[in-house]
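First up is the structure itself, then whatever we jot down about it.
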Number of protein chains: 2
Amino acid sequence: MGTTRVLITDDHAIVRAGLRMLLEDQDDMEVVGEARNGEECVDQVSRLKPDVVLMDVAMPGMDGIAATRQIKEASPEVQVLGLTMHQDENYFFQMLRAGASGYVIKGADPEELFTAIRAVAGGEAYLYSSLTKKLLDDYLDRVKAGDVSDSHDRLSDREKEVLQLIGEGLTSREIAGSLYLSVNTVDRHRSNIMDKLDLHNKAGLIKYAIRKGLVEP
Amino acid sequence: MGTTRVLITDDHAIVRAGLRMLLEDQDDMEVVGEARNGEECVDQVSRLKPDVVLMDVAMPGMDGIAATRQIKEASPEVQVLGLTMHQDENYFFQMLRAGASGYVIKGADPEELFTAIRAVAGGEAYLYSSLTKKLLDDYLDRVKAGDVSDSHDRLSDREKEVLQLIGEGLTSREIAGSLYLSVNTVDRHRSNIMDKLDLHNKAGLIKYAIRKGLVEP
DNA sequence: GGCACAATGGGGCAAACACACCAATGAAAA
DNA sequence: TTTTCATTGGTGTGTTTGCCCCATTGTGCC
């Protein structure tokens with residue numbers, strides 16, 4: 001097997017430099033470029049045609065999910081490996097749906113990162129072990145239930161509206177007053193939102209609303 | 001000048017490994033140890049007596065600010081350099097007040113990190129350039145306005161601990177079980193936190209915890 | 001015409017939250 | 001030494017949440 005040509009994408013220069021040192025210490029890997037965000041990454045992929053893109057998920061500007069989608073559309077032969085701080089199942093599924101072949105969190109052992117890069121370079125999928133079991137089980141449950149589309153897309157406009165007000169800290173009664181609805185209806189919406197997103201408390205709702213940009217932290 | 005002995009503290013193994021590679025590539029630096037959180041860091045400092053501690057600010061468990069405070073109390077000769085994802089002025093000032101000699105964000109150029117380590121090892125202070133001007137100006141403005149204490153300082157360690165668990169979505173009962181306290185005490189802490197921060201519901205608490213980096217969105 | 005689904009309502013219930021009031025201990029600061 | 005404050009605990013009350021049950025209306029799709 002030859003050398004695996006890797007493109008590093010991360011918005012933090014020090015993290016990029018550290019990753020470059022780590023990968024170049026492996027004698028079967030070569031870092032052919034670095035990108036600071038999604039736009040740069042898409043651009044570099046079309047020019048450098050790397051074997052594997054190491055993709056940070058959360059970045060300012062175009063994030064890793066959108067970048068992955070564009071890369072897999074333009075260059076399906078390029079393998080994308082998601083790398084993130086967050087052990088977040090939404091990021092996880094969105095990256096996979098966008099076309100990523102694997103997903104590793106920064107808390108993982110470096111050896112696991114090398115294994116993941118070699119796996120996706122060889123055309124296999126690699127999912128960080130501690131995530132795989134739990135999340136894949138959840139996923140398969142939902143596939144069986146016919147729920148495979150992106151969770152956020154499945155929220156109706158009204159539900160997003162209610163979710164935003166919940167995120168701003170309003171109670172059901174206040175939301176009802178604000179939207180000219182009954183408290184029961186607001187509760188109903190909240191309940192439906194939680195069902196759709198598989199969340200079970202207010203903390204999850206608020207953090208979801210923040211991640212989706214519905215409210216400011 | 002001899003070799004600078006550095007202790008790396010970060011909760012992500014891959015980031016630690018990358019930093020280690022980066023620093024050991026410099027011939028005047030030596031990584032003498034790694035710590036995954038504040039507790040480990042304090043412990044390692046007392047055993048290894050490094051010249052410089054590279055300290056991630058936001059970590060689960062004891063964060064970099066509390067760890068810095070303990071280190072400077074027990075071993076004032078050890079220099080602490082804050083390193084963080086966040087260009088957050090609260091972190092910045094809290095680290096400095098805790099006794100850190102410098103502050104670099106992960107988005108900085110790696111060369112700047114080396115310069116900072118050499119500076120603090122030599123007893124100088126180092127503040128990441130793009131932050132210094134803006135933040136110091138803001139700070140002086142507020143000193144003039146008589147508003148020097150920020151609200152986060154007014155939370156006790158225990159209160160921060162409870163706030164973090166609230167932000168993670170645990171109920172009072174679960175927090176009580178986790179910290180071996182009665183539910184009444186947890187409620188009491190939550191109430192005191194809300195008083196101090198002038199917040200009046202769970203949404204505000206969670207968003208505050210996110211802003212301060214106690215929990216991930 | 002059926003079928004699915006969004007949106008609007010109703011009721012009930014156990015748990016959690018938010019806010020009162022109360023108190024004891026211990027450590028640190030004045 | 002007195003005072004302040006963090007930490008620990010308790011009672012009580014009303015509100016909010018989260019999760020069940022139920023229904024009607026309207027829209028769009030097959």
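Each chain in the structure tokens gets a letter, A, B and so on, in the order shown; residues start at 1 in every chain, and ligands are counted from 1 in the order they appear.
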
Checklist outcome for this item: Superposing chain A on chain B using every C-alpha atom, matched in order, leaves an RMSD of 7.0 Å

Checklist entry - Could you write out as a ChimeraX atom specification the residues of chain B within 12 Å of chain D, counting only C-alpha atoms (C1' of nucleotides)? => result /B:154-159,171,180-189,192,201-202

How would the residues just chosen look if you wrote them out with C-alpha atoms as a PDB file, in the first residue's frame?
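Listing of result_16.pdb after writing:
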ATOM      1  CA  ARG B 154     -18.953  35.429  42.525  1.00  0.00           C
ATOM      2  CA  LEU B 155     -19.965  31.800  42.069  1.00  0.00           C
ATOM      3  CA  SER B 156     -18.281  29.409  44.473  1.00  0.00           C
ATOM      4  CA  ASP B 157     -16.580  26.247  43.193  1.00  0.00           C
ATOM      5  CA  ARG B 158     -19.466  24.145  44.431  1.00  0.00           C
ATOM      6  CA  GLU B 159     -21.963  26.389  42.686  1.00  0.00           C
ATOM      7  CA  THR B 171     -32.456  17.116  37.454  1.00  0.00           C
ATOM      8  CA  TYR B 180     -23.809  12.849  47.363  1.00  0.00           C
ATOM      9  CA  LEU B 181     -25.939  15.728  48.596  1.00  0.00           C
ATOM     10  CA  SER B 182     -29.579  16.061  49.551  1.00  0.00           C
ATOM     11  CA  VAL B 183     -32.015  17.389  46.967  1.00  0.00           C
ATOM     12  CA  ASN B 184     -32.654  20.338  49.266  1.00  0.00           C
ATOM     13  CA  THR B 185     -29.030  21.357  49.155  1.00  0.00           C
ATOM     14  CA  VAL B 186     -28.887  21.174  45.388  1.00  0.00           C
ATOM     15  CA  ASP B 187     -32.027  23.303  45.199  1.00  0.00           C
ATOM     16  CA  ARG B 188     -30.447  25.695  47.640  1.00  0.00           C
ATOM     17  CA  HIS B 189     -27.330  25.989  45.460  1.00  0.00           C
ATOM     18  CA  ASN B 192     -28.207  30.966  45.193  1.00  0.00           C
ATOM     19  CA  ASN B 201     -35.346  30.139  35.041  1.00  0.00           C
ATOM     20  CA  LYS B 202     -33.602  27.089  33.754  1.00  0.00           C
TER      21      LYS B 202
END

Next on the checklist: as number ranges by chain, please: every residue in stretch 4-55 of chain A that a backbone DSSP assignment puts in alpha helix (DSSP H).
Outcome noted: A: 13-24, 38-48

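Rounded to one decimal, atom CA of B:Lys212 and atom CA of B:Met59 lie 11.3 Å from each other.
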
Next on the checklist: Show me, as JSON, numbers by chain, every residue of chain C with an atom at most 9 Å from chain A, counting only C-alpha atoms (C1' of nucleotides).
Outcome noted: {"C": [6, 7, 8, 9, 10]}

Take the residues that were just selected and, keeping C-alpha atoms (C1' of nucleotides), output them as a CSV table (one decimal), in the first residue's frame.
chain,number,residue,atom,x,y,z
C,6,DA,C1',-50.0,20.0,10.8
C,7,DA,C1',-52.4,22.8,13.9
C,8,DT,C1',-55.6,23.6,17.1
C,9,DG,C1',-57.9,22.3,21.5
C,10,DG,C1',-59.3,19.5,26.1

Would you tabulate, counting only C-alpha atoms, all residues of chain A that have an atom at most 6 Å from an atom of chain B, showing the closest pair of atoms and their distance in Å to one decimal, sorted by chain then ascending number, as CSV?
residue,atom,partner,partner_atom,distance
A:His12,CA,B:Gly107,CA,3.8
A:Ala13,CA,B:Gly107,CA,4.8
A:Ile14,CA,B:Pro110,CA,5.1
A:Gly18,CA,B:Gly18,CA,3.7
A:Leu19,CA,B:Gly18,CA,5.4
A:Met21,CA,B:Met21,CA,5.9
A:Leu22,CA,B:Gly18,CA,5.7
A:Lys106,CA,B:Ile14,CA,5.2
A:Gly107,CA,B:His12,CA,3.8
A:Ala108,CA,B:Ala13,CA,5.7
A:Asp109,CA,B:Ala13,CA,5.6
A:Pro110,CA,B:Ile14,CA,5.1
A:Gly169,CA,B:Ala203,CA,4.8
A:Ala203,CA,B:Gly169,CA,4.9
A:Lys207,CA,B:Pro217,CA,4.9
A:Pro217,CA,B:Lys207,CA,4.9

Expected file: the selected residues, N, CA and C atoms, as a PDB file, in the first residue's frame:
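Once everything was written out, this is again-v3.pdb:
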ATOM      1  N   HIS A  12      -8.490  26.084  13.747  1.00  0.00           N
ATOM      2  CA  HIS A  12      -7.464  26.518  14.686  1.00  0.00           C
ATOM      3  C   HIS A  12      -6.076  26.113  14.196  1.00  0.00           C
ATOM      4  N   ALA A  13      -5.223  27.117  14.004  1.00  0.00           N
ATOM      5  CA  ALA A  13      -3.899  26.894  13.422  1.00  0.00           C
ATOM      6  C   ALA A  13      -3.073  25.927  14.261  1.00  0.00           C
ATOM      7  N   ILE A  14      -3.152  26.064  15.573  1.00  0.00           N
ATOM      8  CA  ILE A  14      -2.333  25.213  16.435  1.00  0.00           C
ATOM      9  C   ILE A  14      -2.796  23.766  16.356  1.00  0.00           C
ATOM     10  N   GLY A  18      -0.593  20.673  15.007  1.00  0.00           N
ATOM     11  CA  GLY A  18      -0.432  19.464  15.810  1.00  0.00           C
ATOM     12  C   GLY A  18      -0.831  18.227  15.034  1.00  0.00           C
ATOM     13  N   LEU A  19      -1.940  18.312  14.327  1.00  0.00           N
ATOM     14  CA  LEU A  19      -2.398  17.175  13.525  1.00  0.00           C
ATOM     15  C   LEU A  19      -1.381  16.848  12.437  1.00  0.00           C
ATOM     16  N   MET A  21       1.843  17.324  12.462  1.00  0.00           N
ATOM     17  CA  MET A  21       2.980  16.639  13.060  1.00  0.00           C
ATOM     18  C   MET A  21       2.629  15.184  13.364  1.00  0.00           C
ATOM     19  N   LEU A  22       1.437  14.988  13.911  1.00  0.00           N
ATOM     20  CA  LEU A  22       1.010  13.637  14.270  1.00  0.00           C
ATOM     21  C   LEU A  22       0.978  12.731  13.045  1.00  0.00           C
ATOM     22  N   LYS A 106     -12.089  14.246  19.171  1.00  0.00           N
ATOM     23  CA  LYS A 106     -10.728  14.650  19.529  1.00  0.00           C
ATOM     24  C   LYS A 106     -10.276  14.047  20.846  1.00  0.00           C
ATOM     25  N   GLY A 107     -11.259  13.555  21.640  1.00  0.00           N
ATOM     26  CA  GLY A 107     -10.902  12.905  22.892  1.00  0.00           C
ATOM     27  C   GLY A 107     -10.399  11.487  22.693  1.00  0.00           C
ATOM     28  N   ALA A 108     -10.464  10.981  21.465  1.00  0.00           N
ATOM     29  CA  ALA A 108     -10.043   9.604  21.204  1.00  0.00           C
ATOM     30  C   ALA A 108      -8.526   9.479  21.257  1.00  0.00           C
ATOM     31  N   ASP A 109      -8.055   8.260  21.384  1.00  0.00           N
ATOM     32  CA  ASP A 109      -6.622   7.993  21.357  1.00  0.00           C
ATOM     33  C   ASP A 109      -6.091   8.285  19.952  1.00  0.00           C
ATOM     34  N   PRO A 110      -4.902   8.915  19.850  1.00  0.00           N
ATOM     35  CA  PRO A 110      -4.335   9.224  18.521  1.00  0.00           C
ATOM     36  C   PRO A 110      -4.254   7.984  17.631  1.00  0.00           C
ATOM     37  N   GLY A 169     -36.423  31.231  26.906  1.00  0.00           N
ATOM     38  CA  GLY A 169     -36.708  31.148  28.333  1.00  0.00           C
ATOM     39  C   GLY A 169     -38.153  31.417  28.704  1.00  0.00           C
ATOM     40  N   ALA A 203     -33.350  21.266  29.043  1.00  0.00           N
ATOM     41  CA  ALA A 203     -31.931  21.512  28.740  1.00  0.00           C
ATOM     42  C   ALA A 203     -31.612  21.098  27.310  1.00  0.00           C
ATOM     43  N   LYS A 207     -30.371  23.623  24.286  1.00  0.00           N
ATOM     44  CA  LYS A 207     -29.085  23.421  23.622  1.00  0.00           C
ATOM     45  C   LYS A 207     -29.284  23.141  22.133  1.00  0.00           C
ATOM     46  N   PRO A 217     -26.820  32.103  22.701  1.00  0.00           N
ATOM     47  CA  PRO A 217     -26.509  31.664  24.071  1.00  0.00           C
ATOM     48  C   PRO A 217     -26.476  32.877  25.006  1.00  0.00           C
TER      49      PRO A 217
END

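Separating atom CA of A:Met29 from atom CA of A:Met62 is a distance of 26.6 Å.
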
Item to check | Å distance separating atom CA of A:Ser46 from atom CA of A:Ala66, one decimal place | outcome: 15.3 Å

Checklist entry - DSSP says strand (DSSP E or B) for which residues of chain B? Put them as a PyMOL selection string? => result chain B and resi 4-9+29-35+52-56+79-84+102-105+126-127

Output C-alpha atoms of each residue in that selection to a file, as a compact mmCIF listing (two decimals), in the first residue's frame.
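Output saved as again-v4.txt:
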# COMPACT_ATOMS: atom_id res chain seq x y z
CA THR B 4 12.06 24.25 29.01
CA ARG B 5 10.12 21.45 30.71
CA VAL B 6 6.43 21.63 29.74
CA LEU B 7 3.34 19.92 31.15
CA ILE B 8 0.41 19.69 28.72
CA THR B 9 -3.15 19.85 30.07
CA MET B 29 11.43 22.26 24.79
CA GLU B 30 10.65 18.98 26.46
CA VAL B 31 7.19 17.61 27.31
CA VAL B 32 7.51 16.06 30.76
CA GLY B 33 3.89 15.00 31.17
CA GLU B 34 0.25 15.25 30.15
CA ALA B 35 -2.90 15.79 32.20
CA VAL B 52 5.62 25.80 32.17
CA VAL B 53 2.10 24.40 32.28
CA LEU B 54 0.19 24.64 29.00
CA MET B 55 -3.36 24.83 30.33
CA ASP B 56 -6.60 24.34 28.43
CA GLN B 79 4.46 29.40 35.08
CA VAL B 80 1.01 28.80 33.60
CA LEU B 81 0.14 29.58 29.98
CA GLY B 82 -3.58 29.52 29.13
CA LEU B 83 -4.52 27.90 25.83
CA THR B 84 -8.09 27.88 24.60
CA GLY B 102 0.03 34.30 29.41
CA TYR B 103 -2.86 33.39 27.17
CA VAL B 104 -2.86 32.00 23.62
CA ILE B 105 -5.83 30.90 21.52
CA TYR B 126 2.76 36.88 27.11
CA LEU B 127 -0.63 37.91 25.85

Checklist entry - With only C-alpha atoms as the atoms that count, which of A:Ala100, A:Met194, A:Ile71, A:Leu163 lies nearest to A:Lys49? => result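 Looking at the shortest contact to A:Lys49, the residue is A:Ile71.
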